Amino acid sequence: MTNGIIYRFYTDLEEPNKMDNRPFLEFDITKIKENTVKEIEKFHKSKLDISTIVDNASNLKYTREVKNLIGQELASSSPEFIKLFASKTYNGRLTSKVMDEFTEIVGKAFNQIISEKVNERLNAALNKEQEKQQEENKDQPPLSKIITTNEEMEAYQIVLAILGRKVDKSRIVQRDTQSYFGILLDNNNRKPICRLHLNTGVKYISLFDREKNEIREKIETVDDIYSFEDQLLRTIDYYHSELQIL
């Protein structure tokens, strides 16, 4: 029986060949739940088995009625329901005052149980999702903390423009690190040309002398790198002279 929104399924559990007064399955199509969908699937033409449905109808019917009773008791507990718990936990006489006290206690206890169960399921689901993500990310390389900024790349282009008159630009290589933005000759750590510190409060450039001692110079903007053109070119000369000696 249905009005298009509420669907009720009946059988003859209480008296043969006579429709029961209460349905064994009922749902609101606008609020349908997953477990209800599984029951509805049994009525599909490809799965329809009347004997199986009838056998299951009794379980569905009484489960539904018990759930309704539990819902009613949780919403507004009856004296019999309160007395059931009070008599098992309280040794004294169940006076009206004691019953009033247990009405509050039972309601609070059930609400706490429900909250705890919900939290347990949520935590279990979250932990399962975290484990899944950890498993998926296990073989992936860690994310780099190094972020090369546009300002650093602009500085690199300025150094390329300066040194391009003396060496092939392909030999001038940038290597960003967490501490500084480095520029090397021939991608060789033993041939640093300069180091740029642009992501701090005070910006500065590190230059190198013949003995590769680091000399820091403060700059305001990357355009200030042009003022160190001679020092940068001399660094290239140092490495070239080392090759000649060798």
# chains A, B, ... in the order shown; residues from 1 in each chain; ligands from 1
call {"tool": "residues_around", "arguments": {"residues": "range 231-239 of chain A", "least_positions_apart": "3", "cutoff": "12 Å", "atoms": "only C-alpha atoms", "output": "PyMOL selection string"}}
result
chain A and resi 158-168+171-172+183-186+188+190-195+205-217+225-228+242-246
call {"tool": "residues_around", "arguments": {"residues": "Glu220 in chain A", "least_positions_apart": "5", "cutoff": "10 Å", "atoms": "only C-alpha atoms", "output": "mmCIF file with N, CA and C atoms, in the first residue's frame"}}
result
data_model
loop_
_atom_site.group_PDB
_atom_site.id
_atom_site.type_symbol
_atom_site.label_atom_id
_atom_site.label_comp_id
_atom_site.auth_asym_id
_atom_site.auth_seq_id
_atom_site.Cartn_x
_atom_site.Cartn_y
_atom_site.Cartn_z
ATOM 1 N N LEU A 198 66.543 35.433 -0.311
ATOM 2 C CA LEU A 198 65.494 36.402 -0.653
ATOM 3 C C LEU A 198 64.205 36.193 0.132
ATOM 4 N N VAL A 202 65.603 40.327 5.790
ATOM 5 C CA VAL A 202 66.655 41.108 5.120
ATOM 6 C C VAL A 202 67.187 40.288 3.961
ATOM 7 N N LYS A 203 67.167 40.835 2.759
ATOM 8 C CA LYS A 203 67.647 40.130 1.579
ATOM 9 C C LYS A 203 69.149 40.357 1.432
ATOM 10 N N TYR A 204 69.858 39.314 1.028
ATOM 11 C CA TYR A 204 71.274 39.504 0.745
ATOM 12 C C TYR A 204 71.768 38.455 -0.229
ATOM 13 N N ILE A 225 71.572 43.118 -7.823
ATOM 14 C CA ILE A 225 72.577 42.123 -8.222
ATOM 15 C C ILE A 225 73.484 42.685 -9.316
#
call {"tool": "atom_distance", "arguments": {"atom1": "CA of Val106 in chain A", "atom2": "CA of Thr89 in chain A"}}
result
11.1 Å
call {"tool": "residues_around", "arguments": {"residues": "Leu84 in chain A", "least_positions_apart": "5", "cutoff": "12 Å", "atoms": "only C-alpha atoms", "output": "list of chain:residue names"}}
result
A:Ser77, A:Ser78, A:Pro79, A:Thr89, A:Tyr90, A:Leu94, A:Met99, A:Phe102, A:Thr103, A:Val106
call {"tool": "closest_residue", "arguments": {"among": "A:Phe43, A:Asn59, A:Ile82, A:Lys97", "to": "Ala109 in chain A", "atoms": "only C-alpha atoms"}}
result
A:Ile82
call {"tool": "select_by_dssp", "arguments": {"residues": "range 75-238 of chain A", "states": "strand (DSSP E)", "output": "PyMOL selection string"}}
result
chain A and resi 172-176+181-185+192-197+204-208+214-218
call {"tool": "closest_residue", "arguments": {"among": "A:Thr2, A:Ser58, A:Ser241, A:Ser87", "to": "Asp20 in chain A", "atoms": "only C-alpha atoms"}}
result
A:Ser58
call {"tool": "closest_residue", "arguments": {"among": "A:Leu122, A:Leu196, A:Met153, A:Ile146", "to": "Gln178 in chain A", "atoms": "only C-alpha atoms"}}
result
A:Ile146
call {"tool": "select_by_dssp", "arguments": {"residues": "range 25-240 of chain A", "states": "helix (DSSP H, G or I)", "output": "JSON, numbers by chain"}}
result
{"A": [29, 30, 31, 34, 35, 36, 37, 38, 39, 40, 41, 50, 51, 52, 53, 54, 55, 56, 57, 58, 59, 60, 61, 62, 63, 64, 65, 66, 67, 68, 69, 70, 71, 72, 73, 74, 75, 79, 80, 81, 82, 83, 84, 85, 86, 87, 88, 89, 96, 97, 98, 99, 100, 101, 102, 103, 104, 105, 106, 107, 108, 109, 110, 111, 112, 113, 114, 115, 116, 117, 118, 119, 120, 121, 122, 123, 124, 125, 126, 127, 128, 129, 130, 131, 132, 133, 134, 135, 136, 137, 150, 151, 152, 153, 154, 155, 156, 157, 158, 159, 160, 161, 162, 163, 169, 170, 171, 222, 223, 224, 225, 226, 227, 228, 229, 230, 231, 232, 233, 234, 235, 236, 237, 238, 239, 240]}
call {"tool": "write_last_selection", "arguments": {"atoms": "C-alpha atoms", "output": "short mmCIF file (atom, residue, chain, number, x, y, z; two decimals), in the first residue's frame"}}
result
data_model
loop_
_atom_site.label_atom_id
_atom_site.label_comp_id
_atom_site.auth_asym_id
_atom_site.auth_seq_id
_atom_site.Cartn_x
_atom_site.Cartn_y
_atom_site.Cartn_z
CA ILE A 29 10.89 7.19 -0.28
CA THR A 30 12.20 10.69 0.50
CA LYS A 31 14.18 9.37 3.50
CA GLU A 34 20.67 1.77 2.97
CA ASN A 35 19.38 -1.24 4.93
CA THR A 36 15.88 -0.61 3.51
CA VAL A 37 17.27 -0.61 -0.04
CA LYS A 38 18.66 -4.11 0.58
CA GLU A 39 15.18 -5.30 1.56
CA ILE A 40 13.52 -3.64 -1.44
CA GLU A 41 16.02 -5.36 -3.77
CA ILE A 50 7.98 -15.25 -2.23
CA SER A 51 8.86 -17.97 0.30
CA THR A 52 12.09 -16.21 1.27
CA ILE A 53 10.29 -12.86 1.64
CA VAL A 54 7.55 -14.40 3.81
CA ASP A 55 10.12 -16.18 5.99
CA ASN A 56 11.94 -12.89 6.48
CA ALA A 57 8.77 -10.86 7.02
CA SER A 58 8.34 -11.96 10.66
CA ASN A 59 11.86 -10.85 11.56
CA LEU A 60 11.40 -7.53 9.78
CA LYS A 61 8.03 -6.86 11.35
CA TYR A 62 9.02 -7.47 14.95
CA THR A 63 12.40 -5.80 14.53
CA ARG A 64 10.59 -2.72 13.22
CA GLU A 65 8.13 -2.73 16.12
CA VAL A 66 10.89 -3.16 18.71
CA LYS A 67 12.80 -0.27 17.15
CA ASN A 68 9.67 1.89 17.33
CA LEU A 69 9.21 1.02 21.00
CA ILE A 70 12.85 1.81 21.79
CA GLY A 71 12.48 5.13 19.97
CA GLN A 72 9.38 5.96 21.99
CA GLU A 73 11.09 5.06 25.26
CA LEU A 74 14.10 7.19 24.41
CA ALA A 75 11.84 10.11 23.55
CA PRO A 79 7.31 4.23 34.24
CA GLU A 80 7.72 0.52 33.45
CA PHE A 81 10.87 1.23 31.46
CA ILE A 82 12.38 3.35 34.25
CA LYS A 83 11.40 0.78 36.87
CA LEU A 84 13.19 -1.96 34.93
CA PHE A 85 16.56 -0.22 35.40
CA ALA A 86 15.89 1.28 38.79
CA SER A 87 14.95 -2.10 40.31
CA LYS A 88 18.21 -3.65 39.05
CA THR A 89 20.48 -0.87 40.36
CA SER A 96 8.15 8.62 43.49
CA LYS A 97 11.21 10.75 44.28
CA VAL A 98 13.55 7.87 43.40
CA MET A 99 11.62 7.21 40.19
CA ASP A 100 11.86 10.86 39.20
CA GLU A 101 15.60 10.74 39.82
CA PHE A 102 15.99 7.57 37.76
CA THR A 103 13.92 9.04 34.93
CA GLU A 104 16.67 11.62 34.46
CA ILE A 105 19.47 9.09 35.03
CA VAL A 106 18.13 6.56 32.51
CA GLY A 107 17.56 9.25 29.87
CA LYS A 108 21.07 10.62 30.37
CA ALA A 109 22.62 7.11 30.32
CA PHE A 110 20.93 6.21 27.02
CA ASN A 111 21.95 9.49 25.39
CA GLN A 112 25.56 8.92 26.48
CA ILE A 113 25.55 5.37 25.12
CA ILE A 114 24.21 6.55 21.77
CA SER A 115 26.80 9.36 21.59
CA GLU A 116 29.62 6.97 22.48
CA LYS A 117 28.53 4.45 19.85
CA VAL A 118 28.28 7.16 17.20
CA ASN A 119 31.74 8.47 18.14
CA GLU A 120 33.20 4.96 18.06
CA ARG A 121 31.87 4.39 14.55
CA LEU A 122 33.06 7.80 13.37
CA ASN A 123 36.52 7.24 14.85
CA ALA A 124 36.68 3.76 13.33
CA ALA A 125 35.74 5.18 9.93
CA LEU A 126 38.29 8.00 10.26
CA ASN A 127 41.04 5.60 11.35
CA LYS A 128 40.24 3.30 8.46
CA GLU A 129 40.43 6.23 6.02
CA GLN A 130 43.73 7.40 7.53
CA GLU A 131 45.18 3.89 7.26
CA LYS A 132 44.05 3.75 3.64
CA GLN A 133 45.68 7.11 2.86
CA GLN A 134 48.88 6.08 4.64
CA GLU A 135 48.96 2.88 2.63
CA GLU A 136 48.40 4.80 -0.62
CA ASN A 137 51.07 7.36 0.27
CA ASN A 150 59.29 34.10 -8.98
CA GLU A 151 61.73 36.52 -7.34
CA GLU A 152 64.40 33.82 -7.14
CA MET A 153 63.93 32.93 -10.79
CA GLU A 154 64.14 36.62 -11.72
CA ALA A 155 67.44 36.85 -9.83
CA TYR A 156 68.70 33.77 -11.66
CA GLN A 157 67.92 35.39 -15.01
CA ILE A 158 69.91 38.48 -13.98
CA VAL A 159 72.94 36.33 -13.08
CA LEU A 160 72.59 34.52 -16.41
CA ALA A 161 72.54 37.86 -18.24
CA ILE A 162 75.73 38.99 -16.43
CA LEU A 163 77.72 35.77 -16.85
CA LYS A 169 74.58 29.98 -20.18
CA SER A 170 73.97 26.23 -20.12
CA ARG A 171 76.83 25.97 -17.62
CA VAL A 222 67.06 41.63 -7.12
CA ASP A 223 68.02 44.50 -9.42
CA ASP A 224 70.83 45.28 -6.94
CA ILE A 225 72.58 42.12 -8.22
CA TYR A 226 73.75 44.15 -11.23
CA SER A 227 75.99 46.18 -8.89
CA PHE A 228 78.00 43.00 -8.14
CA GLU A 229 78.71 42.26 -11.80
CA ASP A 230 82.50 42.49 -11.38
CA GLN A 231 82.59 40.12 -8.41
CA LEU A 232 80.43 37.56 -10.24
CA LEU A 233 82.62 37.67 -13.34
CA ARG A 234 85.77 37.34 -11.19
CA THR A 235 84.34 34.15 -9.66
CA ILE A 236 84.20 32.62 -13.14
CA ASP A 237 87.82 33.69 -13.67
CA TYR A 238 88.83 31.92 -10.43
CA TYR A 239 87.45 28.60 -11.70
CA HIS A 240 89.00 29.07 -15.12
#
